[in-house]
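Enquirer: Got a file for you: my_file.cif, mmCIF, C-alpha atoms and all ligand atoms.
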data_upload
#
loop_
_atom_site.label_atom_id
_atom_site.label_comp_id
_atom_site.auth_asym_id
_atom_site.auth_seq_id
_atom_site.Cartn_x
_atom_site.Cartn_y
_atom_site.Cartn_z
CA MET A 1 184.68 63.28 145.53
CA SER A 2 186.69 60.12 145.57
CA LEU A 3 185.81 56.92 143.77
CA LYS A 4 187.82 54.00 145.10
CA ILE A 5 187.98 50.65 143.39
CA ILE A 6 189.69 47.43 144.25
CA ILE A 7 191.38 45.07 141.85
CA LEU A 8 193.36 42.03 142.98
CA ASN A 9 193.26 43.41 146.52
CA ARG A 10 194.87 46.69 145.50
CA VAL A 11 192.91 49.87 145.92
CA PHE A 12 193.00 52.39 143.10
CA ASP A 13 191.57 55.85 143.37
CA LEU A 14 189.79 56.61 140.13
CA THR A 15 189.84 60.32 140.79
CA GLN A 16 193.64 60.16 140.80
CA GLN A 17 194.08 57.73 137.95
CA SER A 18 191.95 57.83 134.88
CA GLU A 19 193.19 54.50 133.59
CA VAL A 20 194.08 51.35 135.42
CA PHE A 21 195.71 48.47 133.65
CA PHE A 22 194.97 45.01 134.78
CA ILE A 23 197.55 42.28 134.57
CA LYS A 24 196.36 38.73 134.67
CA SER A 25 198.95 36.65 136.44
CA ALA A 26 199.13 33.94 139.01
CA LYS A 27 201.73 32.03 140.96
CA SER A 28 202.50 28.67 139.43
CA LYS A 29 201.71 25.72 141.65
CA ASN A 30 205.33 24.91 142.52
CA GLY A 31 205.86 28.39 143.84
CA GLY A 32 207.75 29.61 140.77
CA LYS A 33 207.64 33.12 139.46
CA ASP A 34 204.55 34.87 138.13
CA MET A 35 203.22 33.44 134.93
CA ALA A 36 200.45 34.53 132.69
CA VAL A 37 197.46 32.24 132.96
CA LYS A 38 194.76 31.79 130.44
CA ILE A 39 191.45 32.33 132.14
CA SER A 40 188.26 31.80 130.23
CA GLU A 41 186.22 34.91 129.56
CA GLN A 42 183.48 33.63 131.83
CA GLU A 43 185.83 33.23 134.77
CA SER A 44 187.75 36.44 134.32
CA GLY A 45 185.07 38.76 133.06
CA TYR A 46 187.53 40.06 130.48
CA PHE A 47 187.30 40.20 126.72
CA GLY A 48 190.96 40.57 125.83
CA GLU A 49 191.97 43.63 127.86
CA PHE A 50 188.40 44.96 128.02
CA GLY A 51 185.66 44.50 130.59
CA GLY A 52 186.45 43.61 134.18
CA ARG A 53 185.13 45.24 137.34
CA TYR A 54 186.18 48.74 138.29
CA VAL A 55 183.65 49.34 141.04
CA PRO A 56 183.42 50.36 144.70
CA THR A 57 184.33 47.42 146.95
CA GLU A 58 180.78 47.21 148.35
CA LEU A 59 179.58 46.08 144.94
CA LEU A 60 181.96 43.13 144.57
CA PRO A 61 179.85 40.67 146.62
CA VAL A 62 176.74 41.78 144.70
CA LEU A 63 178.45 41.02 141.38
CA ASP A 64 179.84 37.73 142.72
CA GLN A 65 176.38 36.62 143.79
CA LEU A 66 174.90 37.59 140.43
CA LYS A 67 177.58 35.65 138.59
CA GLU A 68 177.15 32.61 140.78
CA TYR A 69 173.41 32.46 140.18
CA TYR A 70 173.75 33.24 136.50
CA LEU A 71 176.23 30.41 135.90
CA LYS A 72 173.99 28.10 137.90
CA TYR A 73 170.79 28.86 136.00
CA LYS A 74 171.79 29.82 132.49
CA ASP A 75 171.87 26.28 131.13
CA GLU A 76 169.28 24.80 133.48
CA PRO A 77 166.51 23.26 131.35
CA GLU A 78 163.69 24.61 133.54
CA PHE A 79 165.02 28.16 133.34
CA GLN A 80 165.49 27.88 129.59
CA GLU A 81 161.97 26.47 129.15
CA GLU A 82 160.44 29.27 131.15
CA LEU A 83 162.31 31.88 129.12
CA ALA A 84 161.33 30.16 125.86
CA TYR A 85 157.69 30.20 126.96
CA TYR A 86 157.72 33.96 127.50
CA HIS A 87 159.65 34.51 124.27
CA ARG A 88 156.98 32.68 122.31
CA ASP A 89 153.73 33.61 124.04
CA TYR A 90 154.54 37.07 125.38
CA VAL A 91 157.20 38.62 123.13
CA GLY A 92 156.00 36.92 119.95
CA ARG A 93 159.23 35.13 119.02
CA ALA A 94 160.54 33.83 116.76
CA ASN A 95 160.14 37.06 114.81
CA PRO A 96 160.69 36.82 111.03
CA LEU A 97 163.85 37.17 108.99
CA TYR A 98 162.26 39.20 106.22
CA LEU A 99 163.72 39.50 102.73
CA ALA A 100 163.36 43.22 101.98
CA SER A 101 162.92 42.65 98.26
CA ASN A 102 161.79 46.21 97.44
CA LEU A 103 164.85 47.70 99.09
CA THR A 104 167.07 45.04 97.53
CA GLU A 105 165.69 45.79 94.07
CA LYS A 106 166.01 49.55 94.54
CA LEU A 107 169.67 49.26 95.54
CA GLY A 108 170.49 46.73 92.83
CA GLY A 109 173.10 44.73 94.75
CA ALA A 110 173.20 42.21 97.60
CA LYS A 111 170.01 40.72 99.04
CA ILE A 112 168.98 42.46 102.24
CA TYR A 113 167.28 40.53 105.02
CA LEU A 114 165.81 42.30 108.05
CA LYS A 115 165.73 40.58 111.44
CA ARG A 116 162.45 41.92 112.74
CA GLU A 117 163.11 42.80 116.41
CA ASP A 118 160.76 45.72 115.76
CA LEU A 119 157.88 43.23 115.85
CA ASN A 120 158.56 42.20 119.45
CA HIS A 121 156.11 43.17 122.18
CA THR A 122 157.18 46.70 123.28
CA GLY A 123 158.71 47.29 119.85
CA ALA A 124 162.40 46.53 120.25
CA HIS A 125 165.00 44.00 121.33
CA LYS A 126 165.32 45.33 124.89
CA ILE A 127 162.53 43.09 126.21
CA ASN A 128 164.65 39.96 125.48
CA ASN A 129 167.17 41.02 128.08
CA CYS A 130 164.68 42.36 130.64
CA LEU A 131 162.71 39.12 130.69
CA GLY A 132 165.89 37.09 131.09
CA GLN A 133 167.14 39.23 133.96
CA GLY A 134 163.68 39.33 135.53
CA LEU A 135 163.47 35.53 135.60
CA LEU A 136 167.00 35.38 137.00
CA ALA A 137 166.09 37.91 139.72
CA ARG A 138 163.13 35.73 140.65
CA ARG A 139 165.41 32.69 141.00
CA MET A 140 167.68 34.75 143.21
CA GLY A 141 164.74 35.60 145.48
CA LYS A 142 164.99 39.33 144.72
CA LYS A 143 161.64 41.05 144.64
CA ARG A 144 162.67 44.64 144.12
CA ILE A 145 164.01 45.68 140.70
CA ILE A 146 165.83 48.93 140.07
CA ALA A 147 167.06 50.36 136.78
CA GLU A 148 168.22 53.60 135.31
CA THR A 149 167.12 55.01 132.01
CA GLY A 150 168.02 57.97 129.81
CA ALA A 151 165.66 58.04 126.86
CA GLY A 152 163.21 55.84 128.74
CA GLN A 153 163.29 52.81 126.45
CA HIS A 154 165.08 50.55 128.92
CA GLY A 155 162.84 51.89 131.68
CA VAL A 156 159.74 50.90 129.74
CA ALA A 157 161.10 47.42 128.96
CA THR A 158 162.05 46.96 132.63
CA ALA A 159 158.65 48.14 133.84
CA THR A 160 156.99 45.75 131.39
CA ALA A 161 158.96 42.74 132.62
CA CYS A 162 158.23 43.71 136.24
CA ALA A 163 154.50 44.04 135.56
CA LEU A 164 154.51 40.60 133.95
CA LEU A 165 156.52 38.94 136.71
CA GLY A 166 154.79 40.78 139.58
CA MET A 167 157.86 42.59 140.87
CA GLU A 168 158.34 46.01 142.43
CA CYS A 169 159.98 48.36 139.92
CA ILE A 170 161.89 51.56 140.62
CA ILE A 171 163.32 53.57 137.73
CA TYR A 172 165.88 56.31 138.24
CA MET A 173 165.83 58.98 135.59
CA GLY A 174 167.55 62.36 135.37
CA GLU A 175 165.01 65.13 135.99
CA ILE A 176 165.86 66.71 132.63
CA ASP A 177 165.23 63.38 130.90
CA THR A 178 161.87 62.97 132.67
CA ILE A 179 160.76 66.24 131.08
CA ARG A 180 162.16 65.45 127.62
CA GLN A 181 160.67 61.94 127.70
CA HIS A 182 157.46 62.59 129.61
CA LEU A 183 155.46 60.09 127.55
CA ASN A 184 157.84 57.28 128.50
CA VAL A 185 157.54 58.34 132.15
CA PHE A 186 153.78 57.99 131.84
CA ARG A 187 154.17 54.58 130.15
CA MET A 188 156.35 53.35 133.02
CA GLU A 189 153.83 54.60 135.56
CA LEU A 190 150.98 52.92 133.69
CA LEU A 191 152.98 49.72 133.92
CA GLY A 192 153.14 50.13 137.69
CA ALA A 193 156.69 51.42 138.06
CA GLN A 194 157.79 54.23 140.33
CA VAL A 195 159.87 56.78 138.42
CA ILE A 196 162.28 58.76 140.60
CA PRO A 197 163.51 62.00 139.01
CA VAL A 198 167.18 62.53 139.88
CA THR A 199 168.01 66.14 140.74
CA SER A 200 171.71 65.77 141.56
CA GLY A 201 174.57 66.69 139.20
CA GLY A 202 173.56 67.46 135.64
CA LYS A 203 170.17 65.74 136.21
CA VAL A 204 170.74 63.31 133.30
CA LEU A 205 171.58 59.62 132.77
CA LYS A 206 174.99 59.73 134.46
CA ASP A 207 173.41 61.06 137.65
CA ALA A 208 170.65 58.46 137.47
CA VAL A 209 173.33 55.72 137.28
CA ASP A 210 175.01 57.10 140.42
CA GLN A 211 171.77 57.16 142.35
CA ALA A 212 170.76 53.67 141.22
CA LEU A 213 174.16 52.34 142.35
CA GLN A 214 173.72 53.98 145.77
CA ASP A 215 170.33 52.33 146.05
CA LEU A 216 171.85 48.96 145.12
CA ILE A 217 174.61 49.26 147.72
CA LYS A 218 172.10 50.19 150.41
CA ASN A 219 169.43 47.64 149.52
CA ARG A 220 171.49 44.81 148.05
CA ALA A 221 169.85 42.07 150.12
CA ASP A 222 166.52 42.24 148.27
CA THR A 223 167.32 44.40 145.21
CA PHE A 224 168.32 43.45 141.67
CA TYR A 225 169.86 46.00 139.29
CA MET A 226 168.51 45.41 135.79
CA LEU A 227 171.08 46.65 133.29
CA GLY A 228 169.89 47.53 129.81
CA SER A 229 172.83 47.02 127.48
CA ALA A 230 175.91 44.84 127.09
CA VAL A 231 177.95 47.16 129.32
CA GLY A 232 178.83 47.56 133.00
CA PRO A 233 181.06 45.50 135.28
CA ASP A 234 181.37 41.73 134.89
CA PRO A 235 179.15 39.68 134.67
CA TYR A 236 176.61 42.08 133.08
CA PRO A 237 178.11 42.22 129.56
CA THR A 238 178.06 38.42 129.38
CA ILE A 239 174.54 38.10 130.80
CA VAL A 240 173.06 40.71 128.45
CA ARG A 241 174.86 39.23 125.44
CA ASP A 242 173.57 35.76 126.25
CA PHE A 243 169.97 36.96 126.67
CA GLN A 244 170.19 38.88 123.38
CA SER A 245 171.85 36.00 121.49
CA ILE A 246 168.40 34.63 120.72
CA ILE A 247 168.53 37.17 117.86
CA GLY A 248 171.55 35.56 116.21
CA GLN A 249 170.47 32.02 117.01
CA GLU A 250 167.13 32.48 115.28
CA THR A 251 168.80 34.30 112.38
CA LYS A 252 171.19 31.38 111.80
CA LYS A 253 168.35 28.88 111.57
CA GLN A 254 166.22 31.16 109.43
CA ILE A 255 168.93 32.01 106.90
CA TYR A 256 169.73 28.30 106.50
CA GLN A 257 166.05 27.62 105.88
CA GLN A 258 165.69 30.46 103.37
CA GLU A 259 169.07 30.49 101.63
CA GLY A 260 170.73 27.22 102.63
CA ARG A 261 173.83 29.09 103.72
CA LEU A 262 175.24 31.71 106.06
CA PRO A 263 175.06 35.43 105.17
CA ASP A 264 178.07 37.35 103.85
CA TYR A 265 177.49 40.36 106.09
CA LEU A 266 175.84 41.15 109.41
CA ILE A 267 175.01 44.77 110.17
CA ALA A 268 173.66 46.27 113.40
CA CYS A 269 173.67 49.64 115.13
CA VAL A 270 175.78 50.01 118.27
CA GLY A 271 174.86 52.10 121.29
CA GLY A 272 175.97 50.11 124.32
CA GLY A 273 175.98 47.23 121.88
CA SER A 274 173.33 44.75 123.05
CA ASN A 275 171.29 44.28 119.87
CA ALA A 276 174.50 44.08 117.85
CA ILE A 277 176.26 41.53 120.06
CA GLY A 278 173.01 39.53 120.19
CA LEU A 279 173.07 39.19 116.41
CA PHE A 280 176.85 38.82 116.07
CA TYR A 281 177.73 36.40 118.85
CA PRO A 282 176.48 33.15 117.28
CA PHE A 283 178.43 34.05 114.11
CA VAL A 284 181.75 35.17 115.60
CA GLN A 285 183.33 31.74 114.96
CA GLU A 286 182.08 31.72 111.34
CA GLN A 287 185.08 33.37 109.74
CA ASP A 288 183.40 33.85 106.35
CA VAL A 289 180.70 36.08 107.83
CA LYS A 290 181.77 39.72 107.87
CA ILE A 291 180.55 41.67 110.88
CA ILE A 292 179.87 45.40 110.81
CA GLY A 293 178.73 47.55 113.73
CA VAL A 294 177.38 51.03 112.98
CA GLU A 295 178.04 53.85 115.43
CA PRO A 296 176.26 57.22 115.48
CA GLY A 297 178.42 59.77 113.66
CA GLY A 298 176.09 62.59 114.77
CA ILE A 299 176.95 65.94 113.23
CA GLY A 300 180.75 65.73 113.08
CA ASN A 301 184.05 64.14 114.10
CA ASN A 302 184.85 66.44 117.04
CA PHE A 303 184.18 65.63 120.68
CA GLY A 304 180.61 66.41 121.58
CA GLU A 305 179.38 65.97 118.02
CA ASN A 306 178.98 62.18 117.91
CA ALA A 307 178.69 59.10 120.13
CA ALA A 308 181.14 56.81 118.36
CA PRO A 309 183.75 55.56 120.86
CA LEU A 310 184.94 52.65 118.69
CA THR A 311 185.68 55.09 115.87
CA PHE A 312 186.91 58.18 117.71
CA GLY A 313 187.68 56.95 121.25
CA ASN A 314 190.48 55.28 123.17
CA PRO A 315 190.57 52.55 125.84
CA GLY A 316 189.57 53.81 129.26
CA ILE A 317 187.30 53.10 132.20
CA ILE A 318 183.70 54.17 132.40
CA HIS A 319 180.83 53.01 134.63
CA GLY A 320 182.76 50.11 136.11
CA PHE A 321 184.40 48.51 133.07
CA LYS A 322 187.12 49.02 130.47
CA CYS A 323 186.22 49.76 126.88
CA TYR A 324 186.77 52.22 124.08
CA MET A 325 185.34 55.50 125.29
CA LEU A 326 185.17 59.16 124.42
CA LYS A 327 187.26 61.41 126.62
CA ASP A 328 187.72 65.14 126.18
CA ALA A 329 191.04 67.01 126.33
CA ASN A 330 190.95 66.95 130.16
CA GLY A 331 190.44 63.20 130.30
CA GLU A 332 186.82 63.61 131.41
CA ILE A 333 184.00 61.64 129.84
CA ALA A 334 183.11 63.65 126.74
CA SER A 335 179.63 64.93 126.03
CA THR A 336 177.97 63.11 123.14
CA HIS A 337 175.37 63.69 120.50
CA SER A 338 173.19 61.49 118.31
CA ILE A 339 169.88 61.95 116.57
CA ALA A 340 168.99 58.59 118.17
CA ALA A 341 168.68 58.82 121.96
CA GLY A 342 169.30 55.07 122.33
CA LEU A 343 172.76 55.35 120.73
CA ASP A 344 173.85 58.40 122.71
CA TYR A 345 176.45 56.85 125.06
CA PRO A 346 180.18 57.72 125.43
CA GLY A 347 181.27 54.11 126.08
CA VAL A 348 180.54 50.77 124.44
CA GLY A 349 180.39 47.13 125.48
CA PRO A 350 183.71 45.42 126.25
CA GLU A 351 183.06 42.60 123.80
CA HIS A 352 182.69 45.06 120.92
CA SER A 353 185.90 46.73 122.10
CA TYR A 354 187.57 43.33 121.81
CA LEU A 355 186.03 42.50 118.43
CA LYS A 356 187.40 45.79 117.16
CA ALA A 357 190.86 45.42 118.72
CA SER A 358 191.14 41.88 117.33
CA ALA A 359 189.81 43.05 113.93
CA ARG A 360 187.09 40.36 113.93
CA ALA A 361 184.48 43.05 113.41
CA GLU A 362 184.55 46.37 111.63
CA TYR A 363 182.94 49.52 113.04
CA VAL A 364 181.78 52.39 110.87
CA THR A 365 179.77 55.56 111.44
CA VAL A 366 176.58 56.92 109.92
CA ASN A 367 175.70 60.54 110.58
CA ASP A 368 172.38 62.07 111.64
CA GLN A 369 171.41 63.12 108.11
CA GLU A 370 172.12 59.69 106.62
CA ALA A 371 170.13 58.01 109.40
CA LEU A 372 167.22 60.38 108.85
CA ALA A 373 167.26 59.68 105.10
CA ALA A 374 167.36 55.90 105.74
CA PHE A 375 164.43 56.27 108.18
CA CYS A 376 162.38 57.80 105.36
CA THR A 377 163.60 55.34 102.71
CA LEU A 378 162.69 52.18 104.62
CA SER A 379 159.30 53.65 105.52
CA LYS A 380 158.49 54.47 101.91
CA VAL A 381 160.02 51.46 100.16
CA GLU A 382 159.10 48.65 102.56
CA GLY A 383 156.27 50.12 104.64
CA ILE A 384 158.34 49.65 107.78
CA ILE A 385 159.04 52.70 109.98
CA PRO A 386 162.30 51.88 111.79
CA ALA A 387 163.62 53.27 115.06
CA LEU A 388 166.15 56.05 114.47
CA GLU A 389 168.73 53.77 116.09
CA SER A 390 168.05 50.98 113.58
CA ALA A 391 168.04 53.56 110.75
CA HIS A 392 171.82 53.87 111.28
CA ALA A 393 172.24 50.21 110.30
CA ILE A 394 169.91 50.69 107.33
CA ALA A 395 171.91 53.69 106.13
CA HIS A 396 175.04 51.61 106.08
CA ALA A 397 173.31 48.77 104.20
CA ILE A 398 172.16 51.36 101.65
CA LYS A 399 175.82 52.28 101.07
CA LEU A 400 177.13 48.71 101.07
CA ALA A 401 174.55 46.71 99.10
CA PRO A 402 175.12 48.37 95.68
CA THR A 403 178.85 47.53 95.93
CA LEU A 404 178.10 43.80 96.29
CA LYS A 405 176.98 41.08 93.88
CA LYS A 406 173.34 40.06 93.58
CA ASP A 407 174.00 36.61 95.05
CA GLN A 408 175.53 38.05 98.21
CA ILE A 409 173.51 38.34 101.41
CA ILE A 410 173.30 41.03 104.08
CA VAL A 411 171.42 40.44 107.33
CA LEU A 412 170.53 43.64 109.15
CA ASN A 413 169.17 43.81 112.66
CA LEU A 414 166.08 46.00 112.70
CA SER A 415 166.43 46.59 116.45
CA GLY A 416 163.19 48.51 116.92
CA ARG A 417 160.21 50.26 115.39
CA GLY A 418 159.99 53.98 114.85
CA ASP A 419 156.62 54.92 116.37
CA LYS A 420 158.50 56.54 119.25
CA ASP A 421 160.42 58.72 116.79
CA VAL A 422 157.81 60.03 114.35
CA GLN A 423 157.20 63.28 116.22
CA GLN A 424 160.92 64.07 116.44
CA VAL A 425 161.35 63.27 112.73
CA ALA A 426 158.37 65.43 111.80
CA GLU A 427 159.93 68.39 113.61
CA MET A 428 163.34 67.80 112.02
CA LEU A 429 161.93 67.50 108.52
CA LYS A 430 160.11 70.83 108.96
CA GLN A 431 163.44 72.60 109.39
C1 LIG B 501 168.22 51.02 123.09
C2 LIG B 501 168.16 50.78 121.65
C3 LIG B 501 169.32 50.60 120.86
C4 LIG B 501 170.70 50.74 121.40
O1 LIG B 501 171.06 49.84 122.41
P1 LIG B 501 172.04 48.64 122.14
O2 LIG B 501 172.31 48.12 123.50
O3 LIG B 501 173.26 49.17 121.46
O4 LIG B 501 171.33 47.66 121.30
C5 LIG B 501 169.18 50.32 119.51
N1 LIG B 501 167.96 50.24 118.94
C6 LIG B 501 166.82 50.42 119.66
C7 LIG B 501 165.52 50.31 118.96
C8 LIG B 501 166.89 50.69 121.03
O5 LIG B 501 165.76 50.87 121.72
#
Would it be possible to restate this file's structure as structure tokens?

Expert:
Amino acid sequence: MSLKIIILNRVFDLTQQSEVFFIKSAKSKNGGKDMAVKISEQESGYFGEFGGRYVPTELLPVLDQLKEYYLKYKDEPEFQEELAYYHRDYVGRANPLYLASNLTEKLGGAKIYLKREDLNHTGAHKINNCLGQGLLARRMGKKRIIAETGAGQHGVATATACALLGMECIIYMGEIDTIRQHLNVFRMELLGAQVIPVTSGGKVLKDAVDQALQDLIKNRADTFYMLGSAVGPDPYPTIVRDFQSIIGQETKKQIYQQEGRLPDYLIACVGGGSNAIGLFYPFVQEQDVKIIGVEPGGIGNNFGENAAPLTFGNPGIIHGFKCYMLKDANGEIASTHSIAAGLDYPGVGPEHSYLKASARAEYVTVNDQEALAAFCTLSKVEGIIPALESAHAIAHAIKLAPTLKKDQIIVLNLSGRGDKDVQQVAEMLKQ
């Protein structure tokens, strides 16, 4: 199999070259020699050296069209009003910034605030992005939505947005995942989506991505690819980050109202990185706010035992963009493991890769056992059952808070609720 990509009119064969380095340069106007030019992130699609588009040439016009429409509509008052309406009346925003005083007291250090994305309709942050992309698709005149899903959470959020907006919805899912996550398959079908089990390759997420991309290339005139995290080729990481930034924008207002100042720390779990970048982005310029992303440490530090590319990976190209990623000894995408299906991804968003490389944010790991313990702690102490993904962020806050002073403030993104995870946790606790 050969996967060809084109960058600056040069064709690279990804099967021959596992890494392609991109040099930003342009001729100066007076015909002088090459000079580096500063291109804004929005123009270039790069975050430092990360991001970009490493895709088959057929997809370039699709991405160009998406970018054109996105830049046209993102600040349009009517579009913003429509999105705000659905946020308020459908999702239930603004959700609270809740002072977890029981947990704070138990830990005896910094105050811990929880941004309650778990209270959103459908139980997590993913709906923020799906509604935004759904409204954008409508503006673009696209009536057919496709998506791929592994654990099923993005599939359910996509199917929900499509039901609301009256759009056709097709979800590609590896056959093995459809069996593991049969309840989510049923949810999607209830919501009117068509779930297509993918039987090629290993019959998991990677194969579903391939099939969804083939569908997009074939049906690009009327089809919109709804991407679920802050990953993928430009402009997706920017679009998803912007639609998730409502999390950080609300948090900023709420912490000023409740504390009269900014927090000392932000903490969020990182899978592809959408809930984290949504919280972080409005604070990146606030140099006094420390930013911590929590990756899944799984069961160990060896390849295949975790899904922590920012901690254990190196820069490389995966699914059409450059980021930190996990590669095995042969340079192939490594297999991954996490107790939390939503964090189980060998790559990570390009903006997180840049925040790490530039040392603006710190990335740490929390292992399966610590996440499981934090899942139980938050349930017992605050009466809030968190998603296993969010439990990674909680576990880190449990380590950090006691080392801080009582007048310091941590804001933690509670990305989702744990109803989906109680059966899995019950089985694990039995062992
Ligand atoms: C999908 C999911 C995540 C991980 O995705 P990000 O894009 O990294 O946010 C985290 N928490 C919950 C509850 C999820 O459903």

Enquirer: So how far away is atom CA of Phe321 of chain A from atom CA of Asp242 of chain A, in Å?

Expert: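 Those two atoms sit 18.1 Å apart.
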
Enquirer: A:Thr238, A:Thr311, A:Ser274, A:Asn330: which is nearest ligand LIG 501 (chain B), counting only C-alpha atoms and all ligand atoms?

Expert: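 The shortest atom-to-atom distance to ligand LIG 501 (chain B) comes from A:Ser274.
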
Enquirer: Under the rule that all atoms listed in the file are counted, which of A:Leu136, A:Leu326, A:Ile170, A:Ile299 is the nearest residue to Asp75 of chain A?

Expert: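 Comparing A:Leu136, A:Leu326, A:Ile170, A:Ile299 against Asp75 of chain A, the winner is A:Leu136.
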
Enquirer: Could you report the residues within 7 Å of ligand LIG 501 (chain B), using only C-alpha atoms and all ligand atoms, as JSON, numbers by chain?

Expert: {"A": [124, 125, 126, 153, 154, 228, 229, 230, 269, 270, 271, 272, 273, 274, 275, 276, 342, 343, 387, 389, 390, 415, 416, 417]}

Enquirer: Could you take the residues named above and write them with C-alpha atoms, as a PDB file, in the coordinates of the input?

Expert:
ATOM      1  CA  ALA A 124     162.400  46.530 120.250  1.00  0.00           C
ATOM      2  CA  HIS A 125     165.000  44.000 121.330  1.00  0.00           C
ATOM      3  CA  LYS A 126     165.320  45.330 124.890  1.00  0.00           C
ATOM      4  CA  GLN A 153     163.290  52.810 126.450  1.00  0.00           C
ATOM      5  CA  HIS A 154     165.080  50.550 128.920  1.00  0.00           C
ATOM      6  CA  GLY A 228     169.890  47.530 129.810  1.00  0.00           C
ATOM      7  CA  SER A 229     172.830  47.020 127.480  1.00  0.00           C
ATOM      8  CA  ALA A 230     175.910  44.840 127.090  1.00  0.00           C
ATOM      9  CA  CYS A 269     173.670  49.640 115.130  1.00  0.00           C
ATOM     10  CA  VAL A 270     175.780  50.010 118.270  1.00  0.00           C
ATOM     11  CA  GLY A 271     174.860  52.100 121.290  1.00  0.00           C
ATOM     12  CA  GLY A 272     175.970  50.110 124.320  1.00  0.00           C
ATOM     13  CA  GLY A 273     175.980  47.230 121.880  1.00  0.00           C
ATOM     14  CA  SER A 274     173.330  44.750 123.050  1.00  0.00           C
ATOM     15  CA  ASN A 275     171.290  44.280 119.870  1.00  0.00           C
ATOM     16  CA  ALA A 276     174.500  44.080 117.850  1.00  0.00           C
ATOM     17  CA  GLY A 342     169.300  55.070 122.330  1.00  0.00           C
ATOM     18  CA  LEU A 343     172.760  55.350 120.730  1.00  0.00           C
ATOM     19  CA  ALA A 387     163.620  53.270 115.060  1.00  0.00           C
ATOM     20  CA  GLU A 389     168.730  53.770 116.090  1.00  0.00           C
ATOM     21  CA  SER A 390     168.050  50.980 113.580  1.00  0.00           C
ATOM     22  CA  SER A 415     166.430  46.590 116.450  1.00  0.00           C
ATOM     23  CA  GLY A 416     163.190  48.510 116.920  1.00  0.00           C
ATOM     24  CA  ARG A 417     160.210  50.260 115.390  1.00  0.00           C
TER      25      ARG A 417
END

Enquirer: I'd like to know which of A:Lys115, A:Arg360, A:Arg187, A:Lys406 is closest to Ala94 of chain A, using only C-alpha atoms.

Expert: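 Distance minimum relative to Ala94 of chain A lands on A:Lys115.
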
Enquirer: In Å to one decimal, how far is atom CA of Phe283 of chain A from atom CA of Met325 of chain A?

Expert: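 According to the coordinates, atom CA of Met325 of chain A and atom CA of Phe283 of chain A are separated by 25.2 Å.
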
Enquirer: Using only C-alpha atoms, what residues lie at most 8 Å away from (171.5, 57.3, 110.3) (file coordinates), given as a list of chain:residue names?

Expert: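 Final list of nearby residues, as requested, is A:Pro296, A:Ile339, A:Val366, A:Asn367, A:Asp368, A:Gln369, A:Glu370, A:Ala371, A:Leu372, A:Ala373, A:Ala374, A:Phe375, A:Leu388, A:Glu389, A:Ser390, A:Ala391, A:His392, A:Ala393, A:Ile394, A:Ala395, A:His396.
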
Enquirer: Write out as a list of chain:residue names the residues lying within 10 Å of Met188 of chain A, counting only C-alpha atoms and excluding same-chain residues fewer than 4 positions away.

Expert: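 The residues that qualify are A:Gly152, A:Gln153, A:Gly155, A:Val156, A:Ala157, A:Thr158, A:Ala159, A:Thr160, A:Ala163, A:Cys169, A:Ile170, A:Ile171, A:His182, A:Leu183, A:Asn184, A:Gly192, A:Ala193, A:Gln194, A:Val195.
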
Enquirer: For the residues in that selection, give me C-alpha atoms as a compact mmCIF listing (two decimals), in the coordinates of the input.

Expert:
# COMPACT_ATOMS: atom_id res chain seq x y z
CA GLY A 152 163.21 55.84 128.74
CA GLN A 153 163.29 52.81 126.45
CA GLY A 155 162.84 51.89 131.68
CA VAL A 156 159.74 50.90 129.74
CA ALA A 157 161.10 47.42 128.96
CA THR A 158 162.05 46.96 132.63
CA ALA A 159 158.65 48.14 133.84
CA THR A 160 156.99 45.75 131.39
CA ALA A 163 154.50 44.04 135.56
CA CYS A 169 159.98 48.36 139.92
CA ILE A 170 161.89 51.56 140.62
CA ILE A 171 163.32 53.57 137.73
CA HIS A 182 157.46 62.59 129.61
CA LEU A 183 155.46 60.09 127.55
CA ASN A 184 157.84 57.28 128.50
CA GLY A 192 153.14 50.13 137.69
CA ALA A 193 156.69 51.42 138.06
CA GLN A 194 157.79 54.23 140.33
CA VAL A 195 159.87 56.78 138.42

Enquirer: So which residues touch Leu66 of chain A within 9 Å, counting only C-alpha atoms, skipping near sequence neighbours fewer than 6 positions away, as a ChimeraX atom specification?

Expert: /A:136-137,140,224,235-236

Enquirer: In Å, rounded to a single decimal, give me how far atom CA of Leu400 of chain A is from atom CA of Ala359 of chain A.

Expert: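 A separation of 18.9 Å between them.
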
Enquirer: Which residues of segment 71-179 of chain A come within 12 Å of segment 344-352 of chain A, and what is each one's closest atom pair and distance in Å (one decimal), counting only C-alpha atoms, sorted by chain and residue number, as a Markdown table?

Expert:
| residue | atom | partner | partner_atom | distance |
| --- | --- | --- | --- | --- |
| A:Thr149 | CA | A:Tyr345 | CA | 11.8 |
| A:Gly150 | CA | A:Asp344 | CA | 9.2 |
| A:Ala151 | CA | A:Asp344 | CA | 9.2 |

Enquirer: Let me have the centre and edge lengths in Å, one decimal, of the box along x, y and z around every listed atom of segment 388-402 of chain A with 5 Å of margin on each side, as JSON.

Expert:
{"center_x": 171.6, "center_y": 51.4, "center_z": 105.9, "size_x": 21.0, "size_y": 19.3, "size_z": 30.4}

Enquirer: Which residues come within 12 Å of Cys323 of chain A, counting all atoms listed in the file, excluding same-chain residues fewer than 3 positions away, as a ChimeraX atom specification?

Expert: /A:19-21,46-54,230-233,237,272-273,309-310,313-320,326-327,346-357

Enquirer: Taking 2 positions as the minimum chain separation for residues in the same chain, which residues sit within 10 Å of Ile217 of chain A when counting all atoms listed in the file? Answer as a list in words.

Expert: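 In the requested format, the answer is Pro56, Thr57, Glu58, Leu59, Val62, Gln211, Ala212, Leu213, Gln214, Asp215, Asn219, Arg220, Ala221 and Thr223 of chain A.
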